[in-house]
Amino acid sequence: MIGFFERMGKLGLYGVCGSGGTRMQQKGARRALLLSVLIIIMDASAGATSFENISEIDFGDNAGASCDESWCRSDKISHSDAPSDAGLPVETYGWWESYGRDSDADGMDDRLERILNGESESISPTAIIGPDGKKTVAIVVDYAWHPGATDAESLRGVLIKHGWLEEGSWFFQMDILDSIVLDRVPVSSLPDILSLPGVILIEQQNVLEPYLETATYASKVRSSPIYPDSFWSSGYMGDGVVIAILDTGVDNEHYGLDDFSDANTDNTNEPGDLADPKWIAGCDATSSQQTDCSDGNFDPDDGDGHGTHVAGIALGTGDSEREHIGYSPGSYLVDVKVLNDIGTTNSAATLKGINWVANNADTDWGNNESSRGIDVMSMSFGSISNPGGDDQGDDGQNADARAVNQAVEAGIVAVAAIGNDGSNRVTSVGAADKAITVGAIDEDDSIERGDDEIASYSNYGPRVSDDDGDSEDEHKPDVVAPGSGIISAEYAAPNPLPVGDENLADDGYTDKSGTSMACPAVAGMAALILSYDDTLTPGDVKNIIKITSEQRGSASDPSNSDRWNNQYGYGIVDGEQIYNCLIGGECTQDGWEPPDIEGGTEWIHIESPILDNWVVQGRNYSFSGILNKSDIGTVSIEDVEIKTSYSYKKEKPGGQIELIRKDSNWTRV
């Protein structure tokens, strides 16, 4: 293939390979010319396979039963057992075999086994006393296929047989997982549920809580006398990027969260009354009313204060004196309420909220073209400790984490707080392989970073291993950011009286501490990156944030990484270094080279052009390469497609540096 370039620019190469349309970047965002190679795999044994219907899937030897004295998983999980209305699985078959909280591999979560055996009791905040005299449990029922109406009715039948009260209880079918989420489940029904055809695992829902216990300057996204170069000084403030805040709700009438211009002075105005509203959509996933989490037109309130504070850190425009501005003040707000106003919440609401976010990754909100879909989601919560000894958290195979991974696959950058126990514990959404998991530092109320230290409350890694052979997954936290004494938007406490008007947020600010505050800082930083280059994938954004961070502490896992530290992760986030990386400068501060992005085996070796050569206006360039036949994965490759992207930097009036990119179409070679 011949590529023709109209201008002069720096040439860099990305080796990209994939199957079934999957593409993986090798080197990050700092190169000027992107060369993408799509490998088309025709042999189903080596690549992704599509099926006409569920009956074509061969489950092979994995269909065997696993039994306990009191309960037994059904052996009906093969293709012939699936109801006609069941769907294709949306998750990889067999994922449950490495589920860390099922130590005896019998399909029953260890925590539920302890309840069944009378060793502990339910911790669900919605628990009631069931017909069996025990507190009911909140569970996730996982299937070998995507459950349909027949599966749902069979499950309901078992529940009702054991005295389940359907009215007021959760029963929610996930789109992005092969699971049904429900609560107030009688303990006596668990063995019968496990024996239903297609059920391969019953998980106990995590009980979630918010993580609580001068940042923009210290993170070098806002100009200061010490760090003059920043995203903001170059004109990038998150414009056009949409951030979903998954939390206790947001009081978006607050003057720092209502509009971009701060022209509004009436906090009784609805978003539709404003010329330039930040709020574009909302969902109350804690509500039993389906209309509160459907088309995005519902605007949840914050009855706790946590969500409003988090939103202010990520995208607030600050107070009247332009202080306490969030990291990405040009970004839009999507308000997703997944935590109730009393503190603890079953993970059913979180799963419903993440499901909604993933389904709306590309939604046209009808506001304007720049506020389409959802680009980043911020999650400042995690599960409470389980009673009965040490609890190191999750291994990334729990429903919360799998849902996060699916949202990332949908194109959303997922950022999660690691937790505030001050212990080796990584839970819930923070345990997800593909999340950017964030710890907190004390930045000592100063811009200087030399005195920044890990906060005593910040949890540390590694995460519990999922035994998949990839140690990178266990390297949590990924990075750390300021989290102590952070001043941000203050909510309006609910009116305690049954009469009178509801209180409304105005221009108030308050300080809070926790990894909850560090998480939206990184979410805002991700939005700044996307405002510079919206073609970057979630994996790109995660890698850029990691490799540009300022390393702290010695390597905790030197056999697998000479950089990752169990407290600081890959380091303290650094907005200045990120920006330098994006505009073509060095990405790392110490010469460290990043590891390959997941699946980074090079199936194609590019021989020409040579890496880091310049391209010149008016010349033709040819690309050549060889197939890496030593890799068994290349055996079934029949075709290769190639795509080029040429980019160069241009200074705009006012000093902004703009990245111009020219893309070709995919061409078979």
# chains A, B, ... in the order shown; residues from 1 in each chain; ligands from 1
>>> residues_around(residues="Asp151 (chain A)", least_positions_apart="2", cutoff="9 Å", atoms="only C-alpha atoms", output="PyMOL selection string")
chain A and resi 83+85-86+147-149+153-156+196-198
>>> select_by_dssp(residues="region 66-268 of chain A", states="strand (DSSP E)", output="PyMOL selection string")
chain A and resi 137-143+171-173+179-185+199-204+207-210+242-247
>>> residues_around(residues="region 388-400 of chain A", least_positions_apart="5", cutoff="6 Å", atoms="only C-alpha atoms", output="PyMOL selection string")
chain A and resi 99-100+425-429+431-432+464-466
>>> write_last_selection(atoms="N, CA and C atoms", output="short mmCIF file (atom, residue, chain, number, x, y, z; two decimals), in the first residue's frame")
data_model
loop_
_atom_site.label_atom_id
_atom_site.label_comp_id
_atom_site.auth_asym_id
_atom_site.auth_seq_id
_atom_site.Cartn_x
_atom_site.Cartn_y
_atom_site.Cartn_z
N TYR A 99 -13.39 -17.97 39.74
CA TYR A 99 -14.04 -17.06 40.70
C TYR A 99 -13.49 -17.31 42.10
N GLY A 100 -12.85 -16.31 42.66
CA GLY A 100 -12.07 -16.48 43.88
C GLY A 100 -12.87 -16.79 45.13
N ARG A 425 -6.34 -4.47 50.46
CA ARG A 425 -7.72 -4.84 50.13
C ARG A 425 -8.17 -4.09 48.89
N VAL A 426 -8.59 -4.83 47.87
CA VAL A 426 -9.08 -4.24 46.62
C VAL A 426 -10.41 -4.91 46.31
N THR A 427 -11.48 -4.12 46.20
CA THR A 427 -12.82 -4.70 46.13
C THR A 427 -13.63 -4.18 44.96
N SER A 428 -14.74 -4.85 44.72
CA SER A 428 -15.81 -4.39 43.85
C SER A 428 -15.30 -3.88 42.51
N VAL A 429 -15.72 -2.67 42.13
CA VAL A 429 -15.35 -2.11 40.83
C VAL A 429 -13.86 -1.83 40.73
N ALA A 431 -11.54 -3.70 41.64
CA ALA A 431 -10.82 -4.94 41.34
C ALA A 431 -10.87 -5.30 39.86
N ALA A 432 -11.61 -4.54 39.06
CA ALA A 432 -11.76 -4.85 37.64
C ALA A 432 -10.42 -4.74 36.91
N VAL A 464 -6.19 -9.65 44.91
CA VAL A 464 -6.24 -11.11 44.93
C VAL A 464 -6.07 -11.62 43.50
N SER A 465 -5.23 -12.63 43.32
CA SER A 465 -4.94 -13.14 41.98
C SER A 465 -6.13 -13.91 41.41
N ASP A 466 -6.35 -13.72 40.11
CA ASP A 466 -7.37 -14.51 39.42
C ASP A 466 -6.75 -15.70 38.69
#
>>> closest_residue(among="A:Trp279, A:Val310, A:Ala348, A:Tyr211", to="Ala138 (chain A)", atoms="only C-alpha atoms")
A:Ala348
>>> atom_distance(atom1="CA of Asn359 (chain A)", atom2="CA of Ile544 (chain A)")
25.9 Å
>>> residues_around(residues="region 352-355 of chain A", least_positions_apart="3", cutoff="6 Å", atoms="only C-alpha atoms", output="compact mmCIF listing (two decimals) with C-alpha atoms, in the first residue's frame")
# COMPACT_ATOMS: atom_id res chain seq x y z
CA ALA A 285 -30.44 3.05 39.57
CA ALA A 349 -27.95 -0.72 42.01
CA ALA A 358 -22.60 0.84 28.93
>>> closest_atom_pairs(of="region 521-591 of chain A", to="region 240-243 of chain A", cutoff="12 Å", atoms="only C-alpha atoms", output="Markdown table")
| residue | atom | partner | partner_atom | distance |
| --- | --- | --- | --- | --- |
| A:Ala521 | CA | A:Ile243 | CA | 11.7 |
| A:Val522 | CA | A:Ile243 | CA | 11.5 |
| A:Ala523 | CA | A:Ile243 | CA | 7.7 |
| A:Gly524 | CA | A:Ile243 | CA | 7.9 |
| A:Met525 | CA | A:Ile243 | CA | 10.9 |
| A:Ala526 | CA | A:Val241 | CA | 9.5 |
| A:Ala527 | CA | A:Val241 | CA | 5.9 |
| A:Leu528 | CA | A:Val241 | CA | 8.1 |
| A:Ile529 | CA | A:Val241 | CA | 9.6 |
| A:Leu530 | CA | A:Val241 | CA | 6.9 |
| A:Ser531 | CA | A:Val241 | CA | 6.2 |
| A:Tyr532 | CA | A:Val241 | CA | 10.0 |
| A:Asp533 | CA | A:Val241 | CA | 10.5 |
| A:Asp534 | CA | A:Val241 | CA | 8.5 |
| A:Thr535 | CA | A:Val241 | CA | 12.0 |
>>> residues_around(residues="region 559-573 of chain A", least_positions_apart="5", cutoff="6 Å", atoms="only C-alpha atoms", output="count of residues only")
13
>>> residues_around(residues="Ser189 (chain A)", least_positions_apart="4", cutoff="9 Å", atoms="only C-alpha atoms", output="compact mmCIF listing (two decimals) with C-alpha atoms, in the first residue's frame")
# COMPACT_ATOMS: atom_id res chain seq x y z
CA VAL A 158 -38.34 -21.29 42.74
CA LEU A 159 -38.32 -18.03 44.68
CA LYS A 161 -42.08 -21.59 46.23
CA HIS A 162 -39.79 -20.54 49.09
CA GLY A 163 -41.94 -17.55 50.09
CA TRP A 164 -40.14 -14.74 48.21
CA VAL A 185 -34.01 -14.05 48.59
CA ILE A 193 -31.68 -21.94 42.46
CA LEU A 194 -28.26 -23.52 41.94
